[in-house]
Amino acid sequence: MRAAIVHRGPDEGSTDAFGRCVLGHQRLKVIDLHRGYQPVTDESGEIAAVFNGEIYNFEDLRAELRGHEVRGTGDTAILPHLFEERGARFVERMHGMFALALWDGRRERLVLARDRLGKKPLLWTRLRDGTFAFASELKALLRLPEISREIDLAAIDAYLALQYVPGDRTALHGIRKVPPGHVLVVEGEREILEPYWSLEPAAPSASDEEWLERVRATVAEAVRKRLVADVPLGALLAGGIDSSIVVALMAQASTQPVRTFTVGFADERYDERRYARAVAERYSTLHEELELVEDVAETLPRLAAAYDEPLGDEAALPTFLIAEQARRHVTVALAGDGGDEAFAGYERYIAHRLAQRVPIGAARTAATAVRLLPAAQREPRSTLFRAARFLDVAAAPADERYTRLMEVFPVELRRRLWLDASRASPVSLVPPREGLAGLQLLDAGSYLPGDLLFKADIASMAHSLELRSPFLDHEVMALGVALPDRLKTRRREGKVALRRAFAADLPADVAGRGKTGFGVPLGRWFREDLNTLAHDALSADRGWFRRETVQQLLREHESGRADHGHRLWCLLMLELWVREHVETPALVATA
């Protein structure tokens, strides 16, 4: 199991037994390089812990542990002692990103916990003989010969709808995720799951100027806390305002030039390097650029090997490659992930709000007319394509609108795709409250952990790179959700508070930009670079999908009648996942 995730911690590994509990760990050395052995124990040796991640307030917590003998100078060593002081809810005092396991030998119970937003993964299962097993990645659990590899087709249907497997499920029956912000206590045959945190707005009303000052101070403090490391540190710079703000604050807080890394394409429609370069020049960073010129078809098997669950987010590929580039120079990198959820940066937030103002009848009529225009079907970045999608959303019932914005394969198309049409189940994404805060809370509990954080963690840790995201600080998130709507969106612009708070820190052409990210030219790839691989992989007959529906998607895409690039990517990554992780037999280590 350790060998399967050695990439997460190539510097040091260990396996230790504590009675009938066996804990294994792979360490990436970041803090306290010479005394960070895991598992760590209390003075008696009866409480032991293994840990993945970083606790940013560990020095404050250490200072509170009076009368305890805490070994080393890092964060992990405080865990058994915090548990002694506070019990299973000791994680409430921890600020950071983490997945941890703690064995209480006195009561013979295992405590698993995951950070508030789900930045670090943690999976678990019960084997046929009753053994409880857990790991940071599915790869490790799949090394167990007794593990079931039965695919959960209901989870696959949800994946087709959303491009990720939502909630605490995985793509395999019987394997679960510990949800973000939860503690799972295992005692004998019982599993007790309890939440210890939920995202709620956390700030009293204020004037706009006071709100902006809070935003600036809270984000700056989140960046500052993430600069602590005993190894080289840099930043992933995507060219949008989120990562640009992170780099600006890093430069202002550092005495040495910041190392920055970005990825681009020869296709200028998807290339962000000029904006990243402007930020790098302004702050005199040591800047590295990577142009994605690799053979994509040859790179995809490496991506599929890294992602042990199906993920249809195409940004995984450039994220994977830029993490590989950055790791050649640094061990830790800061990124702008979470800015859109924290400060309402998604175009779909604006679209959802506007859709509520359009009469459903008028929207249906207009949607029918716009869909007849060729560009509305085949150019995802065109105004007509976006208009058609918006009108489809406005024409939907109010409780279905956000689902329509998020769906990759709508339920009608999934019914045509599945051989057994009954497998297609409607997906319901209903905001828990009115206004933009409801959309932010919905994304923070679904899309963020299910897609973005999984994508970022696997892409970075595949190359032994620790990724830190200041906008995912839970205090930043709570502040962003609490902002009044007028400081979230204005007309067609999102992240109003963030733009205003940091306008003076960014080049003008960067500060005024809309939503960006590591986009890829999927439309062209499936007509050229990925065409042969797609035809080979998607011709596999697993008894799930109608061959004629898959072939129709390929034909319509190749002819230019429609752009199904995103859907084809989801199908392709699903097939590569099955080949790489389900059909490959468990590898049993020998002495």
# chains A, B, ... in the order shown; residues from 1 in each chain; ligands from 1

$ select_by_dssp --residues "segment 201-310 of chain A" --states "alpha helix (DSSP H)" --output "PyMOL selection string"
chain A and resi 208-225+241-253+273-282+296-306

$ closest_atom_pairs --of "segment 264-358 of chain A" --to "segment 7-28 of chain A" --cutoff "12 Å" --atoms "only C-alpha atoms" --output "tab-separated table"
residue	atom	partner	partner_atom	distance
A:Ala306	CA	A:His7	CA	9.8
A:Glu324	CA	A:His7	CA	11.9
A:Arg327	CA	A:His7	CA	11.9
A:Thr331	CA	A:Leu28	CA	8.7
A:Val332	CA	A:Leu28	CA	10.2

$ closest_residue --among "A:Arg269, A:Arg224, A:His474, A:Arg527" --to "Pro201 of chain A" --atoms "only C-alpha atoms"
A:His474

$ residues_around --residues "segment 437-445 of chain A" --least-positions-apart "4" --cutoff "10 Å" --atoms "only C-alpha atoms" --output "PyMOL selection string"
chain A and resi 117-118+166-167+179-180+198-201+338+340-346+348-349+352+402+429-433+449-450+472+477-478+480-485+488

$ write_last_selection --atoms "C-alpha atoms" --output "short mmCIF file (atom, residue, chain, number, x, y, z; two decimals), in the first residue's frame"
data_model
loop_
_atom_site.label_atom_id
_atom_site.label_comp_id
_atom_site.auth_asym_id
_atom_site.auth_seq_id
_atom_site.Cartn_x
_atom_site.Cartn_y
_atom_site.Cartn_z
CA LEU A 117 -12.96 21.91 2.74
CA GLY A 118 -11.49 18.60 1.59
CA PRO A 166 -19.96 13.52 -6.02
CA GLY A 167 -20.35 13.18 -2.28
CA PRO A 179 -16.36 13.88 3.82
CA PRO A 180 -14.67 17.26 4.27
CA SER A 198 -19.63 23.72 8.23
CA LEU A 199 -19.13 26.76 6.05
CA GLU A 200 -21.16 29.70 7.30
CA PRO A 201 -20.86 33.44 6.62
CA GLY A 338 -10.74 28.59 -4.41
CA ASP A 340 -14.03 31.69 -7.55
CA GLU A 341 -15.91 29.92 -4.76
CA ALA A 342 -14.77 32.34 -2.07
CA PHE A 343 -15.49 35.56 -3.98
CA ALA A 344 -18.15 34.54 -6.57
CA GLY A 345 -16.04 34.48 -9.71
CA TYR A 346 -17.88 32.00 -11.90
CA ARG A 348 -22.51 30.72 -14.03
CA TYR A 349 -23.29 32.73 -10.89
CA HIS A 352 -28.06 31.97 -12.79
CA TYR A 402 -28.08 25.38 -11.52
CA LEU A 429 -28.04 20.74 -7.34
CA VAL A 430 -30.23 23.08 -5.33
CA PRO A 431 -28.63 26.04 -3.50
CA PRO A 432 -29.27 25.82 0.27
CA ARG A 433 -30.27 29.48 0.46
CA PRO A 449 -14.06 18.89 -3.09
CA GLY A 450 -15.37 16.55 -5.80
CA LEU A 472 -9.12 27.88 0.55
CA MET A 477 -14.05 31.31 2.52
CA ALA A 478 -16.35 32.35 5.37
CA GLY A 480 -16.18 35.70 1.02
CA VAL A 481 -19.57 34.06 1.51
CA ALA A 482 -20.54 36.79 4.01
CA LEU A 483 -19.91 39.63 1.54
CA PRO A 484 -23.00 41.47 0.30
CA ASP A 485 -24.01 40.56 -3.26
CA LYS A 488 -19.58 39.77 -5.39
#

$ closest_atom_pairs --of "segment 230-318 of chain A" --to "segment 500-516 of chain A" --cutoff "7 Å" --atoms "only C-alpha atoms" --output "tab-separated table"
residue	atom	partner	partner_atom	distance
A:Gly240	CA	A:Thr516	CA	5.4
A:Ile241	CA	A:Ala511	CA	6.0
A:Ala248	CA	A:Asp505	CA	6.5
A:Tyr275	CA	A:Val510	CA	6.2
A:Ala278	CA	A:Pro507	CA	6.8
A:Val279	CA	A:Pro507	CA	6.7

$ atom_distance --atom1 "atom CA of Asp529 of chain A" --atom2 "atom CA of Asp541 of chain A"
22.9 Å

$ closest_residue --among "A:Asp392, A:Glu288, A:Glu400, A:Asp473" --to "Arg364 of chain A" --atoms "only C-alpha atoms"
A:Asp392

$ select_by_dssp --residues "segment 102-222 of chain A" --states "strand (DSSP E or B)" --output "ChimeraX atom specification"
/A:102-104,109-114,123-126,132-135,151,169,172,175-177,182-187,190-195

$ write_last_selection --atoms "N, CA, C and O atoms" --output "compact mmCIF listing (two decimals), in the first residue's frame"
# COMPACT_ATOMS: atom_id res chain seq x y z
N LEU A 102 -5.54 8.51 13.69
CA LEU A 102 -5.01 8.45 15.05
C LEU A 102 -5.55 7.20 15.73
O LEU A 102 -6.76 6.95 15.73
N TRP A 103 -4.63 6.42 16.30
CA TRP A 103 -5.01 5.19 17.01
C TRP A 103 -4.92 5.42 18.50
O TRP A 103 -3.87 5.80 19.03
N ASP A 104 -6.05 5.22 19.17
CA ASP A 104 -6.12 5.34 20.63
C ASP A 104 -6.05 3.91 21.19
O ASP A 104 -7.07 3.21 21.26
N ARG A 109 -9.60 2.32 19.50
CA ARG A 109 -10.43 2.99 18.51
C ARG A 109 -9.54 3.79 17.56
O ARG A 109 -8.47 4.28 17.93
N LEU A 110 -10.01 3.88 16.33
CA LEU A 110 -9.29 4.60 15.28
C LEU A 110 -10.07 5.86 14.96
O LEU A 110 -11.31 5.82 14.81
N VAL A 111 -9.36 6.98 14.85
CA VAL A 111 -9.98 8.26 14.52
C VAL A 111 -9.41 8.74 13.18
O VAL A 111 -8.20 8.91 13.05
N LEU A 112 -10.28 8.94 12.21
CA LEU A 112 -9.89 9.52 10.92
C LEU A 112 -10.51 10.91 10.82
O LEU A 112 -11.64 11.12 11.26
N ALA A 113 -9.79 11.85 10.24
CA ALA A 113 -10.33 13.20 10.08
C ALA A 113 -9.79 13.83 8.80
O ALA A 113 -8.67 13.55 8.37
N ARG A 114 -10.63 14.67 8.21
CA ARG A 114 -10.28 15.36 6.96
C ARG A 114 -10.52 16.85 7.14
O ARG A 114 -11.44 17.27 7.85
N LEU A 123 -9.77 7.96 2.02
CA LEU A 123 -10.73 6.94 1.64
C LEU A 123 -10.68 5.76 2.60
O LEU A 123 -9.64 5.50 3.22
N TRP A 124 -11.79 5.01 2.69
CA TRP A 124 -11.82 3.87 3.61
C TRP A 124 -12.74 2.78 3.08
O TRP A 124 -13.58 3.02 2.21
N THR A 125 -12.56 1.57 3.61
CA THR A 125 -13.40 0.44 3.23
C THR A 125 -13.34 -0.61 4.32
O THR A 125 -12.45 -0.60 5.18
N ARG A 126 -14.30 -1.54 4.29
CA ARG A 126 -14.27 -2.74 5.10
C ARG A 126 -14.04 -3.93 4.16
O ARG A 126 -14.76 -4.09 3.17
N PHE A 132 -10.78 -3.14 8.71
CA PHE A 132 -11.00 -1.76 8.27
C PHE A 132 -9.70 -1.25 7.65
O PHE A 132 -8.64 -1.37 8.26
N ALA A 133 -9.78 -0.69 6.44
CA ALA A 133 -8.58 -0.18 5.75
C ALA A 133 -8.86 1.23 5.27
O ALA A 133 -9.98 1.58 4.88
N PHE A 134 -7.81 2.07 5.28
CA PHE A 134 -7.94 3.44 4.81
C PHE A 134 -6.67 3.84 4.08
O PHE A 134 -5.62 3.21 4.24
N ALA A 135 -6.75 4.91 3.28
CA ALA A 135 -5.58 5.38 2.53
C ALA A 135 -5.85 6.77 1.99
O ALA A 135 -7.00 7.21 1.90
N ILE A 151 -17.59 -2.06 -10.00
CA ILE A 151 -17.85 -0.67 -10.36
C ILE A 151 -19.27 -0.29 -9.95
O ILE A 151 -20.22 -1.04 -10.14
N ARG A 169 -19.19 9.02 -2.09
CA ARG A 169 -19.05 7.81 -2.88
C ARG A 169 -17.77 7.83 -3.69
O ARG A 169 -17.15 8.88 -3.89
N LEU A 172 -16.16 2.86 -7.10
CA LEU A 172 -16.20 1.44 -6.75
C LEU A 172 -17.12 1.22 -5.56
O LEU A 172 -17.11 2.00 -4.59
N ILE A 175 -16.23 1.38 -1.28
CA ILE A 175 -15.13 2.28 -0.92
C ILE A 175 -15.71 3.68 -0.79
O ILE A 175 -16.38 4.17 -1.69
N ARG A 176 -15.46 4.32 0.34
CA ARG A 176 -16.04 5.61 0.64
C ARG A 176 -14.95 6.65 0.92
O ARG A 176 -13.82 6.32 1.25
N LYS A 177 -15.36 7.91 0.82
CA LYS A 177 -14.50 9.02 1.23
C LYS A 177 -14.97 9.54 2.58
O LYS A 177 -16.17 9.59 2.84
N HIS A 182 -15.24 16.38 8.53
CA HIS A 182 -15.82 15.30 9.32
C HIS A 182 -14.74 14.50 10.04
O HIS A 182 -13.59 14.43 9.58
N VAL A 183 -15.16 13.88 11.14
CA VAL A 183 -14.35 12.90 11.87
C VAL A 183 -15.07 11.56 11.79
O VAL A 183 -16.29 11.49 11.99
N LEU A 184 -14.33 10.51 11.48
CA LEU A 184 -14.87 9.15 11.45
C LEU A 184 -14.18 8.35 12.55
O LEU A 184 -12.96 8.18 12.52
N VAL A 185 -14.95 7.89 13.53
CA VAL A 185 -14.41 7.10 14.64
C VAL A 185 -14.81 5.65 14.42
O VAL A 185 -15.99 5.33 14.22
N VAL A 186 -13.81 4.76 14.45
CA VAL A 186 -14.02 3.33 14.22
C VAL A 186 -13.74 2.59 15.52
O VAL A 186 -12.62 2.64 16.04
N GLU A 187 -14.76 1.92 16.04
CA GLU A 187 -14.62 1.12 17.24
C GLU A 187 -15.21 -0.25 16.95
O GLU A 187 -16.43 -0.39 16.79
N ARG A 190 -18.15 -0.85 14.43
CA ARG A 190 -18.95 0.37 14.26
C ARG A 190 -18.13 1.48 13.64
O ARG A 190 -16.95 1.65 13.93
N GLU A 191 -18.78 2.25 12.76
CA GLU A 191 -18.20 3.47 12.22
C GLU A 191 -19.12 4.63 12.57
O GLU A 191 -20.31 4.60 12.23
N ILE A 192 -18.59 5.63 13.25
CA ILE A 192 -19.39 6.78 13.69
C ILE A 192 -18.85 8.02 12.99
O ILE A 192 -17.71 8.44 13.24
N LEU A 193 -19.66 8.60 12.12
CA LEU A 193 -19.24 9.75 11.32
C LEU A 193 -19.92 11.00 11.87
O LEU A 193 -21.14 11.05 11.99
N GLU A 194 -19.12 12.02 12.18
CA GLU A 194 -19.67 13.26 12.72
C GLU A 194 -19.01 14.47 12.07
O GLU A 194 -17.79 14.48 11.88
N PRO A 195 -19.80 15.50 11.75
CA PRO A 195 -19.21 16.76 11.25
C PRO A 195 -18.60 17.55 12.39
O PRO A 195 -19.08 17.50 13.52

$ residues_around --residues "Gly36 of chain A" --least-positions-apart "6" --cutoff "9 Å" --atoms "only C-alpha atoms" --output "mmCIF file with N, CA, C and O atoms, in the first residue's frame"
data_model
loop_
_atom_site.group_PDB
_atom_site.id
_atom_site.type_symbol
_atom_site.label_atom_id
_atom_site.label_comp_id
_atom_site.auth_asym_id
_atom_site.auth_seq_id
_atom_site.Cartn_x
_atom_site.Cartn_y
_atom_site.Cartn_z
ATOM 1 N N ARG A 27 6.535 10.031 3.631
ATOM 2 C CA ARG A 27 6.738 11.426 4.004
ATOM 3 C C ARG A 27 7.395 12.237 2.899
ATOM 4 O O ARG A 27 8.389 11.813 2.297
ATOM 5 N N LYS A 29 9.277 15.652 2.897
ATOM 6 C CA LYS A 29 9.860 16.535 3.909
ATOM 7 C C LYS A 29 9.682 18.003 3.508
ATOM 8 O O LYS A 29 10.171 18.436 2.471
ATOM 9 N N ARG A 71 7.880 16.086 20.690
ATOM 10 C CA ARG A 71 9.147 15.879 20.005
ATOM 11 C C ARG A 71 9.210 16.701 18.719
ATOM 12 O O ARG A 71 8.205 16.938 18.062
ATOM 13 N N GLY A 72 10.435 17.107 18.338
ATOM 14 C CA GLY A 72 10.630 17.799 17.075
ATOM 15 C C GLY A 72 10.072 19.207 17.088
ATOM 16 O O GLY A 72 9.569 19.713 18.100
ATOM 17 N N THR A 73 10.155 19.854 15.936
ATOM 18 C CA THR A 73 9.695 21.239 15.819
ATOM 19 C C THR A 73 8.582 21.395 14.798
ATOM 20 O O THR A 73 8.159 22.509 14.511
ATOM 21 N N GLY A 74 8.099 20.298 14.217
ATOM 22 C CA GLY A 74 7.091 20.367 13.172
ATOM 23 C C GLY A 74 5.675 20.288 13.708
ATOM 24 O O GLY A 74 5.421 20.367 14.916
ATOM 25 N N ASP A 75 4.712 20.093 12.761
ATOM 26 C CA ASP A 75 3.303 20.122 13.139
ATOM 27 C C ASP A 75 2.757 18.759 13.560
ATOM 28 O O ASP A 75 1.919 18.665 14.457
ATOM 29 N N THR A 76 3.217 17.668 12.963
ATOM 30 C CA THR A 76 2.615 16.358 13.212
ATOM 31 C C THR A 76 2.760 15.918 14.663
ATOM 32 O O THR A 76 1.849 15.282 15.221
ATOM 33 N N ALA A 77 3.877 16.260 15.289
ATOM 34 C CA ALA A 77 4.158 15.775 16.643
ATOM 35 C C ALA A 77 3.150 16.252 17.678
ATOM 36 O O ALA A 77 3.025 15.653 18.753
#

$ closest_atom_pairs --of "segment 161-240 of chain A" --to "segment 452-470 of chain A" --cutoff "12 Å" --atoms "only C-alpha atoms" --output "Markdown table"
| residue | atom | partner | partner_atom | distance |
| --- | --- | --- | --- | --- |
| A:Gln163 | CA | A:Leu452 | CA | 10.8 |
| A:Tyr164 | CA | A:Phe454 | CA | 9.3 |
| A:Val165 | CA | A:Phe454 | CA | 10.5 |
| A:Pro166 | CA | A:Phe454 | CA | 11.1 |
| A:Lys177 | CA | A:Phe454 | CA | 11.6 |
| A:Pro180 | CA | A:Leu453 | CA | 10.9 |
| A:Thr218 | CA | A:Pro470 | CA | 9.6 |
| A:Val219 | CA | A:Pro470 | CA | 6.8 |
| A:Ala220 | CA | A:Pro470 | CA | 8.5 |
| A:Glu221 | CA | A:Pro470 | CA | 8.6 |
| A:Ala222 | CA | A:Pro470 | CA | 5.1 |
| A:Val223 | CA | A:Pro470 | CA | 5.3 |
| A:Arg224 | CA | A:Pro470 | CA | 8.7 |
| A:Lys225 | CA | A:Pro470 | CA | 8.5 |
| A:Arg226 | CA | A:Arg468 | CA | 6.7 |
| A:Leu227 | CA | A:Arg468 | CA | 9.1 |
| A:Val228 | CA | A:Arg468 | CA | 10.8 |
| A:Ala229 | CA | A:Glu466 | CA | 10.6 |
| A:Val231 | CA | A:Glu466 | CA | 10.7 |
| A:Pro232 | CA | A:Leu465 | CA | 10.7 |
| A:Leu233 | CA | A:Glu466 | CA | 9.3 |
| A:Gly234 | CA | A:Leu467 | CA | 9.6 |
| A:Ala235 | CA | A:Leu467 | CA | 8.8 |
| A:Leu236 | CA | A:Leu467 | CA | 9.0 |

$ residues_around --residues "Ala388 of chain A" --least-positions-apart "5" --cutoff "9 Å" --atoms "only C-alpha atoms" --output "list in words"
Ala366, Ala367, Thr368, Ala369, Val370, Arg371, Ala376, Gln377, Thr383 and Val393 of chain A

$ closest_residue --among "A:Asp399, A:Glu314, A:Asp242, A:Glu146" --to "Val520 of chain A" --atoms "only C-alpha atoms"
A:Glu314

$ atom_distance --atom1 "atom CA of Cys570 of chain A" --atom2 "atom CA of Glu493 of chain A"
29.4 Å

$ residues_around --residues "segment 296-303 of chain A" --least-positions-apart "2" --cutoff "9 Å" --atoms "only C-alpha atoms" --output "PyMOL selection string"
chain A and resi 292-294+305-307+316-317+320+459+525+529-533+573+576+580

$ write_last_selection --atoms "C-alpha atoms" --output "PDB file, in the first residue's frame"
ATOM      1  CA  LEU A 292       2.205  22.269 -23.952  1.00  0.00           C
ATOM      2  CA  VAL A 293       3.652  20.715 -27.088  1.00  0.00           C
ATOM      3  CA  GLU A 294       3.816  17.107 -25.906  1.00  0.00           C
ATOM      4  CA  ALA A 305      -2.294   6.360 -14.017  1.00  0.00           C
ATOM      5  CA  ALA A 306      -2.238   9.315 -11.614  1.00  0.00           C
ATOM      6  CA  TYR A 307      -6.023   9.742 -11.367  1.00  0.00           C
ATOM      7  CA  ALA A 316      -6.235  18.179 -14.981  1.00  0.00           C
ATOM      8  CA  LEU A 317      -3.824  17.786 -17.896  1.00  0.00           C
ATOM      9  CA  PHE A 320      -0.465  17.834 -14.045  1.00  0.00           C
ATOM     10  CA  ALA A 459      -1.882  16.418 -10.117  1.00  0.00           C
ATOM     11  CA  TRP A 525      -7.671  17.651 -30.064  1.00  0.00           C
ATOM     12  CA  ASP A 529      -4.264  14.703 -31.775  1.00  0.00           C
ATOM     13  CA  LEU A 530      -6.692  12.469 -29.860  1.00  0.00           C
ATOM     14  CA  ASN A 531      -8.751  11.181 -32.758  1.00  0.00           C
ATOM     15  CA  THR A 532      -7.089   7.777 -33.087  1.00  0.00           C
ATOM     16  CA  LEU A 533      -6.957   7.156 -29.327  1.00  0.00           C
ATOM     17  CA  MET A 573     -10.987   9.369 -19.140  1.00  0.00           C
ATOM     18  CA  LEU A 576      -8.681   4.878 -19.405  1.00  0.00           C
ATOM     19  CA  GLU A 580      -5.534   1.394 -15.631  1.00  0.00           C
TER      20      GLU A 580
END

$ residues_around --residues "segment 411-423 of chain A" --least-positions-apart "3" --cutoff "6 Å" --atoms "only C-alpha atoms" --output "MDAnalysis selection string"
chainID A and resid 426 544:546 549

$ atom_distance --atom1 "atom CA of Leu572 of chain A" --atom2 "atom CA of Gly239 of chain A"
28.4 Å

$ closest_residue --among "A:Ala238, A:Leu311, A:Ala326, A:Leu138" --to "Arg259 of chain A" --atoms "only C-alpha atoms"
A:Ala326

$ closest_residue --among "A:Leu290, A:Arg401, A:Thr131, A:Arg389" --to "Ala323 of chain A" --atoms "only C-alpha atoms"
A:Leu290

$ decode --residues "segment 345-364 of chain A" --atoms "N, CA, C and O atoms" --output "short mmCIF file (atom, residue, chain, number, x, y, z; two decimals), in the first residue's frame"
data_model
loop_
_atom_site.label_atom_id
_atom_site.label_comp_id
_atom_site.auth_asym_id
_atom_site.auth_seq_id
_atom_site.Cartn_x
_atom_site.Cartn_y
_atom_site.Cartn_z
N GLY A 345 -16.68 34.14 -8.46
CA GLY A 345 -16.04 34.48 -9.71
C GLY A 345 -16.56 33.76 -10.93
O GLY A 345 -16.15 34.07 -12.05
N TYR A 346 -17.44 32.79 -10.76
CA TYR A 346 -17.88 32.00 -11.90
C TYR A 346 -18.93 32.75 -12.73
O TYR A 346 -19.85 33.37 -12.18
N GLU A 347 -18.81 32.64 -14.05
CA GLU A 347 -19.81 33.23 -14.94
C GLU A 347 -21.18 32.62 -14.68
O GLU A 347 -22.21 33.28 -14.86
N ARG A 348 -21.21 31.36 -14.26
CA ARG A 348 -22.51 30.72 -14.03
C ARG A 348 -23.27 31.37 -12.88
O ARG A 348 -24.50 31.31 -12.83
N TYR A 349 -22.58 32.01 -11.94
CA TYR A 349 -23.29 32.73 -10.89
C TYR A 349 -24.09 33.89 -11.49
O TYR A 349 -25.25 34.13 -11.13
N ILE A 350 -23.45 34.60 -12.40
CA ILE A 350 -24.12 35.72 -13.06
C ILE A 350 -25.25 35.21 -13.95
O ILE A 350 -26.35 35.77 -13.98
N ALA A 351 -24.97 34.11 -14.68
CA ALA A 351 -25.99 33.53 -15.56
C ALA A 351 -27.20 33.07 -14.75
O ALA A 351 -28.35 33.27 -15.17
N HIS A 352 -26.97 32.46 -13.62
CA HIS A 352 -28.06 31.97 -12.79
C HIS A 352 -28.91 33.13 -12.30
O HIS A 352 -30.15 33.07 -12.31
N ARG A 353 -28.26 34.20 -11.89
CA ARG A 353 -29.00 35.37 -11.41
C ARG A 353 -29.83 36.00 -12.53
O ARG A 353 -31.01 36.34 -12.36
N LEU A 354 -29.23 36.14 -13.73
CA LEU A 354 -29.94 36.75 -14.86
C LEU A 354 -31.08 35.86 -15.34
O LEU A 354 -32.13 36.36 -15.77
N ALA A 355 -30.86 34.53 -15.28
CA ALA A 355 -31.89 33.60 -15.77
C ALA A 355 -33.19 33.74 -14.98
O ALA A 355 -34.28 33.49 -15.51
N GLN A 356 -33.08 34.15 -13.73
CA GLN A 356 -34.26 34.30 -12.90
C GLN A 356 -35.14 35.46 -13.36
O GLN A 356 -36.31 35.55 -12.97
N ARG A 357 -34.58 36.34 -14.19
CA ARG A 357 -35.32 37.53 -14.63
C ARG A 357 -35.96 37.33 -16.01
O ARG A 357 -36.67 38.21 -16.47
N VAL A 358 -35.68 36.21 -16.67
CA VAL A 358 -36.20 35.97 -18.02
C VAL A 358 -37.45 35.11 -17.93
O VAL A 358 -37.42 34.02 -17.34
N PRO A 359 -38.57 35.54 -18.53
CA PRO A 359 -39.77 34.69 -18.53
C PRO A 359 -39.49 33.34 -19.20
O PRO A 359 -38.84 33.30 -20.25
N ILE A 360 -39.95 32.25 -18.59
CA ILE A 360 -39.64 30.91 -19.10
C ILE A 360 -40.12 30.73 -20.54
O ILE A 360 -39.41 30.18 -21.38
N GLY A 361 -41.32 31.21 -20.86
CA GLY A 361 -41.84 31.05 -22.21
C GLY A 361 -40.97 31.74 -23.25
O GLY A 361 -40.66 31.16 -24.30
N ALA A 362 -40.56 32.96 -22.96
CA ALA A 362 -39.71 33.70 -23.89
C ALA A 362 -38.35 33.01 -24.03
O ALA A 362 -37.78 32.96 -25.13
N ALA A 363 -37.84 32.48 -22.94
CA ALA A 363 -36.54 31.80 -22.99
C ALA A 363 -36.62 30.55 -23.86
O ALA A 363 -35.70 30.27 -24.65
N ARG A 364 -37.72 29.79 -23.76
CA ARG A 364 -37.86 28.58 -24.57
C ARG A 364 -37.91 28.91 -26.05
O ARG A 364 -37.29 28.26 -26.89
#
